[in-house]
Amino acid sequence: MKITENEKRQLKDKISQSVSTYIRRRRYLKYGMALAAIFVVGFFAITKFQDTNTQVSPMDTYVKTLDDQKVPDQVKLILGDNQNVEIADSANISYSSTGEEVQIGNSKSVSQTTSNNQKTVYNTLIVPYGKRSSITLADGTKVWLNSGSKLVFPAVFMQNKREVYLEGEGIFEVTHDKAHPFIVKSGEQNIEVLGTVFNVSNYHDDDAISTVLKSGSVKINYTNSDAGKSNRSVTIKPNTLAIYNRNDMQIKTKQVEVEKYFSWRDGIFIFKNDSMKSIMKKVSRYYNIEIVINDKELSEATFSGYLDVKDNVENIIKIIQETTKFEYKITNNKLIIN
């Protein structure tokens, strides 16, 4: 049955109202404690991070050895002795304060040595597309990893600062420790936590890196900005979006509503005037399915609402289909929209 224009407007209004309801509900939930800060970071470009002094750190050297690592079908944890541990879906990973004991889910634990001739021992958590995982590090910091992500971290933090390396997307709830700052490294920037809640997304097929600050303070060091400069740092205020454009290497900021950048951890995608193309890119990563939109006008059409991505991908498409007329088919893990 064909949906009338009036019905379309009513449906879109209903979905937009659901966004406001969801955001209000989220504001009543309490995240973390006074000694924790939450932030989201996302990276995907597999490039070597360089400090401003161009020195290569032990972590950089270790990360480079992972470049040829085959992406597994299941979530995989690589320990310091190269022991590979497959992680079942929804199994939480938790490190002891010494990093020597790793609890996986409720019934499995593994042991490792965290010192190798007084050198830092690194572990790696790899999450393929279509999967998610969560881990508590030795300092108590908790990390939720989204699809297509890789986290490299010391089994136990031994230096005067806490450094991790991330590709993909993650939410970090960082244990506060003023004497040992927490730094997230990537190929194009590093992010220093100053007691804050923020989101960063940097996938290889996006034109820009975005950083959204919810509360507190965050300092971003860009290692390749303004073309002629070797480094540039920006400190942003709450409710601010900082966008770094890879093409012209310029940085812009603007005020935004921040809730939609944190909701995926709870299995919810929030959209406000987002294009069909950008929505389907997120759905593609989340479900590990190729999505092709053959209608250019449809790909640029904008939508507002929220999707419960704990459901299967076909039901997600049907929900969007309620507001806009299009046809689709799914064959061989490929979704084609016409």
# chains A, B, ... in the order shown; residues from 1 in each chain; ligands from 1
$ residues_around --residues "A:Gln159" --least-positions-apart "2" --cutoff "12 Å" --atoms "only C-alpha atoms" --output "list in words"
Pro58, Gln118, Lys119, Thr120, Val121, Pro154, Val156, Phe157, Lys161, Arg162, Glu163, Ala179, His180, Pro181 and Phe182 of chain A
$ select_by_dssp --residues "stretch 177-321 of chain A" --states "strand (DSSP E)" --output "number ranges by chain"
A: 182-185, 189-201, 208-222, 232-236, 240-245, 251-255, 268-275, 290-293, 302-308
$ residues_around --residues "stretch 85-90 of chain A" --least-positions-apart "6" --cutoff "12 Å" --atoms "only C-alpha atoms" --output "short mmCIF file (atom, residue, chain, number, x, y, z; two decimals) with N, CA and C atoms, in the first residue's frame"
data_model
loop_
_atom_site.label_atom_id
_atom_site.label_comp_id
_atom_site.auth_asym_id
_atom_site.auth_seq_id
_atom_site.Cartn_x
_atom_site.Cartn_y
_atom_site.Cartn_z
N PRO A 72 40.32 -11.99 12.52
CA PRO A 72 39.64 -13.24 12.86
C PRO A 72 38.14 -13.16 12.62
N ASP A 73 37.49 -14.32 12.64
CA ASP A 73 36.03 -14.36 12.52
C ASP A 73 35.37 -14.05 13.85
N GLN A 74 36.07 -14.35 14.94
CA GLN A 74 35.56 -14.10 16.29
C GLN A 74 36.46 -13.09 17.00
N VAL A 75 35.95 -12.52 18.07
CA VAL A 75 36.76 -11.63 18.90
C VAL A 75 37.96 -12.43 19.42
N LYS A 76 39.15 -11.82 19.35
CA LYS A 76 40.37 -12.52 19.76
C LYS A 76 41.23 -11.64 20.66
N LEU A 77 41.75 -12.24 21.73
CA LEU A 77 42.68 -11.57 22.63
C LEU A 77 44.05 -12.21 22.47
N ILE A 78 45.08 -11.38 22.17
CA ILE A 78 46.45 -11.87 22.02
C ILE A 78 47.24 -11.44 23.25
N LEU A 79 47.73 -12.41 24.02
CA LEU A 79 48.48 -12.12 25.24
C LEU A 79 49.95 -11.91 24.93
N VAL A 102 43.66 -12.91 33.78
CA VAL A 102 42.64 -12.33 32.90
C VAL A 102 41.39 -13.19 33.00
N GLN A 103 40.31 -12.59 33.48
CA GLN A 103 39.03 -13.29 33.59
C GLN A 103 38.22 -13.06 32.33
N ILE A 104 37.72 -14.15 31.73
CA ILE A 104 36.93 -14.06 30.50
C ILE A 104 35.56 -14.65 30.78
N GLY A 105 34.55 -13.79 30.80
CA GLY A 105 33.22 -14.25 31.16
C GLY A 105 33.20 -14.69 32.62
N ASN A 106 32.28 -15.58 32.94
CA ASN A 106 32.13 -16.02 34.33
C ASN A 106 32.89 -17.30 34.66
N SER A 107 33.36 -18.02 33.63
CA SER A 107 33.88 -19.35 33.90
C SER A 107 35.28 -19.63 33.37
N LYS A 108 35.92 -18.65 32.71
CA LYS A 108 37.22 -18.92 32.11
C LYS A 108 38.23 -17.87 32.56
N SER A 109 39.46 -18.32 32.85
CA SER A 109 40.54 -17.39 33.18
C SER A 109 41.84 -17.90 32.59
N VAL A 110 42.74 -16.97 32.26
CA VAL A 110 44.05 -17.32 31.73
C VAL A 110 45.10 -16.50 32.46
N SER A 111 46.35 -17.00 32.45
CA SER A 111 47.45 -16.32 33.13
C SER A 111 48.53 -15.94 32.13
N GLN A 112 49.30 -14.91 32.48
CA GLN A 112 50.41 -14.48 31.63
C GLN A 112 51.47 -13.81 32.47
N ASN A 123 49.34 -6.41 25.13
CA ASN A 123 48.27 -7.32 24.73
C ASN A 123 47.44 -6.63 23.65
N THR A 124 46.69 -7.41 22.89
CA THR A 124 45.87 -6.86 21.79
C THR A 124 44.50 -7.52 21.80
N LEU A 125 43.46 -6.69 21.69
CA LEU A 125 42.09 -7.18 21.53
C LEU A 125 41.61 -6.80 20.14
N ILE A 126 41.25 -7.81 19.33
CA ILE A 126 40.81 -7.58 17.95
C ILE A 126 39.34 -7.94 17.84
N VAL A 127 38.54 -6.99 17.34
CA VAL A 127 37.10 -7.19 17.19
C VAL A 127 36.74 -7.07 15.71
N PRO A 128 36.31 -8.15 15.06
CA PRO A 128 35.97 -8.08 13.64
C PRO A 128 34.65 -7.36 13.40
N GLY A 130 30.86 -6.83 12.67
CA GLY A 130 29.73 -7.63 13.09
C GLY A 130 29.79 -8.08 14.54
N LYS A 131 30.88 -7.74 15.26
CA LYS A 131 31.04 -8.13 16.65
C LYS A 131 31.30 -6.91 17.51
N ARG A 132 31.09 -7.04 18.82
CA ARG A 132 31.43 -6.02 19.80
C ARG A 132 32.09 -6.70 21.00
N SER A 133 32.82 -5.96 21.83
CA SER A 133 33.44 -6.55 23.01
C SER A 133 33.68 -5.47 24.06
N SER A 134 33.93 -5.91 25.29
CA SER A 134 34.26 -4.97 26.36
C SER A 134 35.37 -5.56 27.21
N ILE A 135 36.20 -4.67 27.78
CA ILE A 135 37.37 -5.11 28.54
C ILE A 135 37.66 -4.12 29.65
N TRP A 144 34.71 -0.26 25.76
CA TRP A 144 33.77 -0.97 24.89
C TRP A 144 34.24 -0.77 23.46
N LEU A 145 34.48 -1.85 22.72
CA LEU A 145 34.95 -1.76 21.35
C LEU A 145 33.84 -2.07 20.38
#
$ residues_around --residues "A:Ala242" --least-positions-apart "4" --cutoff "6 Å" --atoms "only C-alpha atoms" --output "PyMOL selection string"
chain A and resi 210-211+252-253
$ closest_residue --among "A:Val184, A:Ile320, A:Ile330, A:Val234" --to "A:Thr302" --atoms "only C-alpha atoms"
A:Ile320
$ residues_around --residues "A:Glu192" --least-positions-apart "6" --cutoff "12 Å" --atoms "only C-alpha atoms" --output "JSON, numbers by chain"
{"A": [37, 39, 41, 161, 162, 163, 164, 174, 178, 180, 181, 182, 183, 184, 185, 186, 198, 217, 218, 219, 220, 221, 222, 233, 234, 235, 236]}
$ write_last_selection --atoms "N, CA and C atoms" --output "PDB file, in the first residue's frame"
ATOM      1  N   ALA A  37      36.122   8.942  33.815  1.00  0.00           N
ATOM      2  CA  ALA A  37      35.686   9.804  32.719  1.00  0.00           C
ATOM      3  C   ALA A  37      35.414   8.904  31.539  1.00  0.00           C
ATOM      4  N   PHE A  39      34.826   8.485  27.415  1.00  0.00           N
ATOM      5  CA  PHE A  39      34.983   9.111  26.121  1.00  0.00           C
ATOM      6  C   PHE A  39      34.951   8.053  25.036  1.00  0.00           C
ATOM      7  N   VAL A  41      36.362   7.070  21.226  1.00  0.00           N
ATOM      8  CA  VAL A  41      37.356   7.377  20.225  1.00  0.00           C
ATOM      9  C   VAL A  41      37.219   6.415  19.083  1.00  0.00           C
ATOM     10  N   LYS A 161      52.947   7.374  32.450  1.00  0.00           N
ATOM     11  CA  LYS A 161      51.720   7.692  31.739  1.00  0.00           C
ATOM     12  C   LYS A 161      51.125   6.409  31.193  1.00  0.00           C
ATOM     13  N   ARG A 162      49.824   6.448  30.961  1.00  0.00           N
ATOM     14  CA  ARG A 162      49.101   5.277  30.468  1.00  0.00           C
ATOM     15  C   ARG A 162      48.770   5.500  28.991  1.00  0.00           C
ATOM     16  N   GLU A 163      49.321   4.674  28.126  1.00  0.00           N
ATOM     17  CA  GLU A 163      49.114   4.842  26.694  1.00  0.00           C
ATOM     18  C   GLU A 163      48.489   3.584  26.094  1.00  0.00           C
ATOM     19  N   VAL A 164      47.515   3.793  25.214  1.00  0.00           N
ATOM     20  CA  VAL A 164      46.923   2.695  24.449  1.00  0.00           C
ATOM     21  C   VAL A 164      46.847   3.119  22.993  1.00  0.00           C
ATOM     22  N   VAL A 174      37.537   5.958  31.843  1.00  0.00           N
ATOM     23  CA  VAL A 174      38.916   5.995  32.319  1.00  0.00           C
ATOM     24  C   VAL A 174      38.996   6.250  33.825  1.00  0.00           C
ATOM     25  N   LYS A 178      45.710  11.496  38.276  1.00  0.00           N
ATOM     26  CA  LYS A 178      46.333  12.736  37.843  1.00  0.00           C
ATOM     27  C   LYS A 178      47.816  12.567  37.572  1.00  0.00           C
ATOM     28  N   HIS A 180      49.271   9.965  36.372  1.00  0.00           N
ATOM     29  CA  HIS A 180      49.521   9.106  35.216  1.00  0.00           C
ATOM     30  C   HIS A 180      48.461   9.384  34.148  1.00  0.00           C
ATOM     31  N   PRO A 181      48.657  10.401  33.318  1.00  0.00           N
ATOM     32  CA  PRO A 181      47.655  10.754  32.300  1.00  0.00           C
ATOM     33  C   PRO A 181      47.385   9.590  31.346  1.00  0.00           C
ATOM     34  N   PHE A 182      46.163   9.547  30.850  1.00  0.00           N
ATOM     35  CA  PHE A 182      45.741   8.489  29.922  1.00  0.00           C
ATOM     36  C   PHE A 182      45.746   9.060  28.507  1.00  0.00           C
ATOM     37  N   ILE A 183      46.468   8.402  27.603  1.00  0.00           N
ATOM     38  CA  ILE A 183      46.629   8.907  26.237  1.00  0.00           C
ATOM     39  C   ILE A 183      46.216   7.829  25.235  1.00  0.00           C
ATOM     40  N   VAL A 184      45.389   8.213  24.280  1.00  0.00           N
ATOM     41  CA  VAL A 184      45.002   7.327  23.186  1.00  0.00           C
ATOM     42  C   VAL A 184      45.752   7.764  21.940  1.00  0.00           C
ATOM     43  N   LYS A 185      46.472   6.828  21.317  1.00  0.00           N
ATOM     44  CA  LYS A 185      47.315   7.152  20.168  1.00  0.00           C
ATOM     45  C   LYS A 185      46.693   6.628  18.873  1.00  0.00           C
ATOM     46  N   SER A 186      46.953   7.376  17.785  1.00  0.00           N
ATOM     47  CA  SER A 186      46.524   6.934  16.454  1.00  0.00           C
ATOM     48  C   SER A 186      47.541   7.437  15.444  1.00  0.00           C
ATOM     49  N   PHE A 198      34.098  12.243  26.146  1.00  0.00           N
ATOM     50  CA  PHE A 198      34.106  12.674  24.750  1.00  0.00           C
ATOM     51  C   PHE A 198      34.077  11.507  23.781  1.00  0.00           C
ATOM     52  N   SER A 217      37.280  18.306  29.974  1.00  0.00           N
ATOM     53  CA  SER A 217      38.228  18.934  29.060  1.00  0.00           C
ATOM     54  C   SER A 217      39.009  17.869  28.312  1.00  0.00           C
ATOM     55  N   VAL A 218      39.297  18.131  27.047  1.00  0.00           N
ATOM     56  CA  VAL A 218      40.102  17.206  26.258  1.00  0.00           C
ATOM     57  C   VAL A 218      41.069  18.004  25.397  1.00  0.00           C
ATOM     58  N   LYS A 219      42.294  17.528  25.342  1.00  0.00           N
ATOM     59  CA  LYS A 219      43.317  18.158  24.517  1.00  0.00           C
ATOM     60  C   LYS A 219      43.662  17.226  23.367  1.00  0.00           C
ATOM     61  N   ILE A 220      43.576  17.756  22.146  1.00  0.00           N
ATOM     62  CA  ILE A 220      43.851  16.962  20.951  1.00  0.00           C
ATOM     63  C   ILE A 220      45.110  17.494  20.291  1.00  0.00           C
ATOM     64  N   ASN A 221      46.086  16.615  20.114  1.00  0.00           N
ATOM     65  CA  ASN A 221      47.307  16.977  19.413  1.00  0.00           C
ATOM     66  C   ASN A 221      47.260  16.403  18.006  1.00  0.00           C
ATOM     67  N   TYR A 222      47.163  17.279  17.006  1.00  0.00           N
ATOM     68  CA  TYR A 222      47.156  16.850  15.605  1.00  0.00           C
ATOM     69  C   TYR A 222      48.593  16.849  15.095  1.00  0.00           C
ATOM     70  N   SER A 233      47.716  21.711  18.453  1.00  0.00           N
ATOM     71  CA  SER A 233      46.888  21.184  19.527  1.00  0.00           C
ATOM     72  C   SER A 233      45.670  22.076  19.730  1.00  0.00           C
ATOM     73  N   VAL A 234      44.553  21.442  20.114  1.00  0.00           N
ATOM     74  CA  VAL A 234      43.301  22.146  20.341  1.00  0.00           C
ATOM     75  C   VAL A 234      42.692  21.614  21.627  1.00  0.00           C
ATOM     76  N   THR A 235      42.252  22.498  22.501  1.00  0.00           N
ATOM     77  CA  THR A 235      41.495  22.118  23.692  1.00  0.00           C
ATOM     78  C   THR A 235      40.075  22.610  23.511  1.00  0.00           C
ATOM     79  N   ILE A 236      39.092  21.689  23.603  1.00  0.00           N
ATOM     80  CA  ILE A 236      37.709  22.067  23.326  1.00  0.00           C
ATOM     81  C   ILE A 236      36.855  22.043  24.584  1.00  0.00           C
TER      82      ILE A 236
END
$ closest_residue --among "A:Gln189, A:Ser147, A:Gln255, A:Asn224" --to "A:Tyr287" --atoms "only C-alpha atoms"
A:Ser147
$ closest_residue --among "A:Ile270, A:Ile336, A:Val313, A:Val256" --to "A:Val292" --atoms "only C-alpha atoms"
A:Ile336
